[in-house]
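Student: If you scroll down you'll find the structure; I have some questions about it.
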Amino acid sequence: MSSTVKSLKVTYSPVNESNTFRSGDCVSGQVALEVAKDCEIQSLSIKFKAKAEVMWSERHGQTTHYYHSKDKYFSTTHYFVRDKDKKDGDFETLLTQQNGATYGNVVAPGCHVYPFSFVIPPGDLPSSFKGEYGKIVFLLEAKLSRSMRISKTDTAKLNFVSSVNMNLLPEITVPQHDTVEKKMKVFSSGAVSMDARLEKTGFVQGEGIKVLVCAQNNSSRPIKPKFCIYTKHCFFAEGKRKCYTKDLLKEVGNPIPPSSNENVTKIINVPHDVQPSILNCQIITVEYRLRVYLDVKYASDPEIKFPIIILPAAGVPSDFLPQAAAATFGFEALNIQNQPSFAYSPLQELPEATHNAEAPPPYGAHSMYPTYSITGLKY
């Protein structure tokens with residue numbers, strides 16, 4: 001690029017303190033162009049686009065296979081100066097100055113500012129995300145083109161957060177309840193059992209998850225109740241999936257001695273900065289589990305896994321925000337049988353690509369495309 005163009009920079013104005021955007025928000029900003037001498041412009045534009053993209057590679061013998069998939073959500077271009085040979089296209093607009101005059105294609109030395117604004121379209125758009133093998137990105141891209149010169153570009157990423165449509169996610173208010181029993185072998189005798197319950201399935205960022213556990217230790221060894229929240233990212237491309245799992249936090253309860261029963265109440269706080277669940281993207285999912293288990297020495301641990309949905313703290317209806325626990329949610333309610341259990345409704349099962357990273361126990365059957373929705377990388 002010739003030294004004629006000193007810089008091209010795109011910036012935008014935040015709409016709130018958290019610098020996040022939602023559907024329907026107006027994205028206002030400016031493109032700043034600084035030139036050292038008279039410069040003739042072929043075109044100058046600002047594009048606003050959103051897409052999800054997945055890519056990874058695998059070795060099959062002597063061959064490396066690349067898996068790739070892309071979902072485009074929208075793309076809109078505004079021109080300050082448009083190439084005179086270019087025909088008008090869909091989702092393109094020619095911007096003018098405040099007085100209605102068009103911008104000239106020859107600029108004098110100095111810094112020139114070009115304001116713009118876009119409205120984020122409505123719809124069930126997934127939140128911004130960057131993971132091991134994929135990303136969901138909302139991007140502003142300024143582009144300067146000159147005759148016989150390489151185009152110059154600059155980009156700025158927006159942090160988009162899905163809005164929560166409670167009508168599309170009735171599962172988030174459903175309580176969860178499960179039991180497990182394990183007979184001891186070899187180094188221990190007797191049996192242990194656990195009855196666990198959550199008051200609901202959806203939790204906002206920063207909220208405390210109240211877990212009620214009734215543990216019965218009829219074995220010859222002490223046991224410890226333990227709790228772990230972990231996440232699973234799944235990426236889908238060409239009929240295969242690549243998964244990545246990671247522990248987020250762990251909690252440990254007090255030991256329960258042999259031949260005793262104990263009721264345990266544990267509050268596990270969801271991190272304020274955890275990525276919200278992503279369940280409305282066809283090629284990327286972000287899921288969470290709460291694993292409740294009894295740590296039994298020299299034996300396999302009996303466990304219960306509760307799927308949980310993490311919602312963004314902002315934009316959640318006030319009636320869903322953390323309230324005092326319902327009177328019926330306590331140990332007296334743990335004997336209720338056949339509580340509805342949250343489960344995924346898969347569209348189809350896909351073979352899973354191998355992953356060598358150390359990870360928590362697999363999610364079991366919950367590994368396919370979800371059918372419900374939440375409404376809300378470097379390019």
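Note on naming: chains are A, B, ... as they come in the structure tokens, residues start from 1 per chain, ligands start from 1 in the order shown.
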What's the 9 Å shell around Ala36 in chain A, counting only C-alpha atoms, without same-chain residues fewer than 2 positions away, as a list in words?
Tutor: Ser3, Thr4, Val5, Lys6, Glu34, Asp38, Cys39, Ala108, Pro109, Gly110 and Cys111 of chain A
Student: In terms of the shortest atom-to-atom distance over only C-alpha atoms, which of A:Val192, A:Val286, A:Lys152, A:Lys72 is closest to Phe138 in chain A?
Tutor: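 Under the stated criterion, the closest residue is A:Lys72.
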Student: Calculate how many Å separate CA of Leu95 in chain A from CA of Thr11 in chain A, rounding to one decimal.
Tutor: 17.1 Å
Student: Can you tell me, as a list in words, what residues are no more than 7 Å from Val211 in chain A when counting only C-alpha atoms, ignoring any on the same chain fewer than 4 positions away?
Tutor: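 Using only C-alpha atoms, the neighbours found are Arg197, Leu198, Thr265, Lys266 and Ile267 of chain A.
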Student: If DSSP is run on the backbone, what residues of range 153-292 of chain A are strand (DSSP E or B)? A reply as a PyMOL selection string would be ideal.
Tutor: chain A and resi 153-160+176-183+191-198+202-204+208-217+223-237+240-252+256+260-269+278+284-292
Student: So the first atom is CA of Met184 in chain A and the second is CA of Ser219 in chain A; what is the distance between them in Å, to one decimal place?
Tutor: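 We find that CA of Met184 in chain A and CA of Ser219 in chain A lie 7.0 Å from each other.
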Student: Calculated over only C-alpha atoms, which of the candidates A:Thr93, A:Val119, A:Pro222, A:Val54 has the smallest distance to Phe74 in chain A?
Tutor: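 Using only C-alpha atoms, the shortest distance to Phe74 in chain A belongs to A:Val119.
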